[in-house]
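Here is the structure we will look at.
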Amino acid sequence: MAEGGGYAALYQGRLYFLKAPQGSSPHSAVEALLGSQGIRAAWIWGIGGLRWARLGVFSPEEGRYYTEDVEAEPGRVLEVLSIGGNSILGPDGAYHTHLHAVVAKGPGRVYAGHLVDARVDPFLELFIVELVGDIERMGDLLSHRWAKG
């Protein structure tokens, strides 16, 4: 394995369908479901609509995201062509959810990147797959999410 790489042996647990309601945050909607069901780690995929989205691209050299806000035009939504990612319950007791999204503001006007924040409008249809197995190893591999720099 390359330095910093590795793997965790995981398998699929329960499968959930979540319709995140208008006005909600995708991250908060996912984390509320995970917490209510006692899920420690999950894989997330979906489609739907957003009112606005803050998308980012990471600069490893600077250790920060460069972000851009994309807002739907009046009377329209940002069509979510794809949203995907994962979430894991960290040792701090908080979920660390990492989502990426591809959204269309109009024909040929597509934006993509790390989903920093967003507001659902009118709804987001998400499939959430519980991950079970070597969650501790997965946590080791994702520890950069909660590590103090």
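Going by the structure tokens order, chains are called A, B, ..., each with residues numbered from 1, while ligands are numbered from 1 in the order shown.
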
- Task: Within 12 Å of Gly139 of chain A, counting only C-alpha atoms, which residues show up once you throw out same-chain ones fewer than 5 positions away? Write them as a list in words, please.
- Result: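 Residues near the query, excluding close chain neighbours: Gly6, Tyr7, Ala8, Ala9, Leu10, Arg40, Ala41, Ala42, Asn86, Ser87, Ile88, Leu89, Gly90, Pro91, Asp92, Tyr95, His96, Leu131, Gly133, Asp134, His144, Arg145, Trp146 and Ala147 of chain A.
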
- Item | All alpha helix (DSSP H) residues (DSSP, backbone) inside segment 2-73 of chain A, as a list in words |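 Residues meeting the alpha helix (DSSP H) criterion: Pro26, His27, Ser28, Ala29, Val30, Glu31, Ala32, Leu33, Leu34, Gly35, Ser36 and Gln37 of chain A.
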
- Message: Can you tell me which residues surround Gly46 of chain A at a distance of at most 9 Å, considering only C-alpha atoms, apart from same-chain residues fewer than 6 positions away, and format the answer as a ChimeraX atom specification?
- Response: /A:80-84,124-128

- Neighbour list for Arg109 of chain A as a list in words, cut-off 12 Å, only C-alpha atoms, skip fewer than 2 positions in-chain: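 The residues that qualify are Val70, Glu71, Ala72, Glu73, Leu78, Glu79, Leu81, Val102, Val103, Ala104, Lys105, Gly106, Pro107, Tyr111 and Ala112 of chain A.
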
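All residues of protein, DNA or RNA that reach within 12 Å of Ser28 of chain A, judged by only C-alpha atoms and not counting those fewer than 3 positions away in the chain, are Ala20, Pro21, Gly23, Ser24, Ser25, Glu31, Ala32, Leu33, Leu34, Gly35, Ser87, Ala94, Tyr95, His96, Thr97, His98, Leu99, Val116, Asp117, Ala118, Arg119 and Val120 of chain A.
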
- Message: Could you list, as a list in words, every residue within 12 Å of Tyr66 of chain A, counting only C-alpha atoms and ignoring same-chain residues fewer than 2 positions away?
- Response: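 Final neighbour list, sorted by chain and number: Arg54, Leu55, Gly56, Val57, Phe58, Ser59, Pro60, Glu62, Gly63, Arg64, Glu68, Asp69, Gly113, His114, Leu115 and Val116 of chain A.
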
- Find the distance between atom CA of Arg51 of chain A and atom CA of Gly75 of chain A and write it in Å to one decimal.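 Result for atom CA of Arg51 of chain A versus atom CA of Gly75 of chain A: 10.1 Å, one decimal.
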
- Query: Please, which residues of chain A, numbered as in this document, come out strand (DSSP E) from DSSP, as a PyMOL selection string?
  - Reply: chain A and resi 10-20+41-59+64-71+78-89+95-106+109-133

Serialized selection, C-alpha atoms, as a PDB file, in the first residue's frame:
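Writing the result to out-v7.pdb gives the following:
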```
ATOM      1  CA  LEU A  10     -16.585  -3.539   5.302  1.00  0.00           C
ATOM      2  CA  TYR A  11     -19.886  -4.943   4.191  1.00  0.00           C
ATOM      3  CA  GLN A  12     -23.386  -3.643   3.683  1.00  0.00           C
ATOM      4  CA  GLY A  13     -25.753  -3.519   6.599  1.00  0.00           C
ATOM      5  CA  ARG A  14     -29.212  -2.002   6.400  1.00  0.00           C
ATOM      6  CA  LEU A  15     -30.257   0.159   3.427  1.00  0.00           C
ATOM      7  CA  TYR A  16     -32.267   3.334   4.080  1.00  0.00           C
ATOM      8  CA  PHE A  17     -34.089   5.702   1.755  1.00  0.00           C
ATOM      9  CA  LEU A  18     -34.224   9.246   3.112  1.00  0.00           C
ATOM     10  CA  LYS A  19     -36.246  12.069   1.608  1.00  0.00           C
ATOM     11  CA  ALA A  20     -34.542  15.132   3.068  1.00  0.00           C
ATOM     12  CA  ALA A  41     -20.588   4.533   9.372  1.00  0.00           C
ATOM     13  CA  ALA A  42     -22.440   4.882   6.074  1.00  0.00           C
ATOM     14  CA  TRP A  43     -22.115   5.307   2.341  1.00  0.00           C
ATOM     15  CA  ILE A  44     -24.428   7.947   0.804  1.00  0.00           C
ATOM     16  CA  TRP A  45     -25.729   8.485  -2.735  1.00  0.00           C
ATOM     17  CA  GLY A  46     -28.594  10.539  -4.100  1.00  0.00           C
ATOM     18  CA  ILE A  47     -30.288  13.002  -6.428  1.00  0.00           C
ATOM     19  CA  GLY A  48     -32.734  15.859  -5.974  1.00  0.00           C
ATOM     20  CA  GLY A  49     -32.853  19.628  -5.755  1.00  0.00           C
ATOM     21  CA  LEU A  50     -31.139  22.421  -3.855  1.00  0.00           C
ATOM     22  CA  ARG A  51     -31.840  26.122  -3.363  1.00  0.00           C
ATOM     23  CA  TRP A  52     -28.120  26.907  -3.052  1.00  0.00           C
ATOM     24  CA  ALA A  53     -24.864  25.061  -2.580  1.00  0.00           C
ATOM     25  CA  ARG A  54     -21.388  25.980  -1.392  1.00  0.00           C
ATOM     26  CA  LEU A  55     -18.958  23.824  -3.357  1.00  0.00           C
ATOM     27  CA  GLY A  56     -15.250  23.641  -2.728  1.00  0.00           C
ATOM     28  CA  VAL A  57     -11.993  22.421  -4.169  1.00  0.00           C
ATOM     29  CA  PHE A  58      -9.200  21.544  -1.733  1.00  0.00           C
ATOM     30  CA  SER A  59      -5.675  22.938  -1.902  1.00  0.00           C
ATOM     31  CA  ARG A  64      -7.925  24.803   2.812  1.00  0.00           C
ATOM     32  CA  TYR A  65     -10.923  24.721   0.500  1.00  0.00           C
ATOM     33  CA  TYR A  66     -11.576  27.345  -2.150  1.00  0.00           C
ATOM     34  CA  THR A  67     -15.343  27.704  -2.284  1.00  0.00           C
ATOM     35  CA  GLU A  68     -17.971  29.086  -4.596  1.00  0.00           C
ATOM     36  CA  ASP A  69     -21.637  29.621  -3.792  1.00  0.00           C
ATOM     37  CA  VAL A  70     -24.077  28.542  -6.496  1.00  0.00           C
ATOM     38  CA  GLU A  71     -27.677  29.706  -6.186  1.00  0.00           C
ATOM     39  CA  LEU A  78     -30.228  23.483  -8.676  1.00  0.00           C
ATOM     40  CA  GLU A  79     -30.703  19.986 -10.076  1.00  0.00           C
ATOM     41  CA  VAL A  80     -28.551  17.533  -8.158  1.00  0.00           C
ATOM     42  CA  LEU A  81     -27.206  15.201 -10.814  1.00  0.00           C
ATOM     43  CA  SER A  82     -25.322  13.246  -8.163  1.00  0.00           C
ATOM     44  CA  ILE A  83     -24.468  13.565  -4.503  1.00  0.00           C
ATOM     45  CA  GLY A  84     -22.269  11.005  -2.855  1.00  0.00           C
ATOM     46  CA  GLY A  85     -19.958  10.402   0.029  1.00  0.00           C
ATOM     47  CA  ASN A  86     -19.648   8.809   3.412  1.00  0.00           C
ATOM     48  CA  SER A  87     -20.048   9.492   7.092  1.00  0.00           C
ATOM     49  CA  ILE A  88     -18.410   8.061  10.178  1.00  0.00           C
ATOM     50  CA  LEU A  89     -18.947   8.574  13.886  1.00  0.00           C
ATOM     51  CA  TYR A  95     -20.485  12.438  12.717  1.00  0.00           C
ATOM     52  CA  HIS A  96     -17.918  13.446  10.130  1.00  0.00           C
ATOM     53  CA  THR A  97     -19.803  13.523   6.846  1.00  0.00           C
ATOM     54  CA  HIS A  98     -17.949  14.068   3.585  1.00  0.00           C
ATOM     55  CA  LEU A  99     -20.130  14.745   0.536  1.00  0.00           C
ATOM     56  CA  HIS A 100     -19.393  15.690  -3.056  1.00  0.00           C
ATOM     57  CA  ALA A 101     -22.015  16.963  -5.481  1.00  0.00           C
ATOM     58  CA  VAL A 102     -22.590  17.723  -9.139  1.00  0.00           C
ATOM     59  CA  VAL A 103     -25.338  20.323  -9.646  1.00  0.00           C
ATOM     60  CA  ALA A 104     -26.829  21.962 -12.738  1.00  0.00           C
ATOM     61  CA  LYS A 105     -27.909  25.593 -12.637  1.00  0.00           C
ATOM     62  CA  GLY A 106     -29.179  25.346 -16.197  1.00  0.00           C
ATOM     63  CA  ARG A 109     -24.089  25.158 -16.534  1.00  0.00           C
ATOM     64  CA  VAL A 110     -22.744  22.446 -14.238  1.00  0.00           C
ATOM     65  CA  TYR A 111     -20.814  22.873 -10.991  1.00  0.00           C
ATOM     66  CA  ALA A 112     -19.089  20.201  -8.946  1.00  0.00           C
ATOM     67  CA  GLY A 113     -16.936  19.750  -5.876  1.00  0.00           C
ATOM     68  CA  HIS A 114     -16.857  19.081  -2.162  1.00  0.00           C
ATOM     69  CA  LEU A 115     -20.280  19.958  -0.725  1.00  0.00           C
ATOM     70  CA  VAL A 116     -19.426  22.341   2.103  1.00  0.00           C
ATOM     71  CA  ASP A 117     -23.050  23.321   2.785  1.00  0.00           C
ATOM     72  CA  ALA A 118     -26.392  23.526   0.991  1.00  0.00           C
ATOM     73  CA  ARG A 119     -30.139  23.963   1.459  1.00  0.00           C
ATOM     74  CA  VAL A 120     -32.556  21.387   0.094  1.00  0.00           C
ATOM     75  CA  ASP A 121     -35.336  22.598  -2.246  1.00  0.00           C
ATOM     76  CA  PRO A 122     -37.743  20.968  -2.825  1.00  0.00           C
ATOM     77  CA  PHE A 123     -36.252  17.671  -1.549  1.00  0.00           C
ATOM     78  CA  LEU A 124     -33.236  15.387  -1.774  1.00  0.00           C
ATOM     79  CA  GLU A 125     -33.652  11.638  -2.329  1.00  0.00           C
ATOM     80  CA  LEU A 126     -30.818   9.801  -0.585  1.00  0.00           C
ATOM     81  CA  PHE A 127     -29.893   6.146  -0.317  1.00  0.00           C
ATOM     82  CA  ILE A 128     -27.902   5.519   2.835  1.00  0.00           C
ATOM     83  CA  VAL A 129     -26.105   2.216   3.208  1.00  0.00           C
ATOM     84  CA  GLU A 130     -25.025   1.245   6.706  1.00  0.00           C
ATOM     85  CA  LEU A 131     -21.430   0.040   6.717  1.00  0.00           C
ATOM     86  CA  VAL A 132     -20.481  -2.701   9.165  1.00  0.00           C
ATOM     87  CA  GLY A 133     -17.322  -4.658   9.716  1.00  0.00           C
TER      88      GLY A 133
END
```

- Item | Two-atom distance - atom CA of Arg137 of chain A, atom CA of His27 of chain A (Å) | 23.0 Å
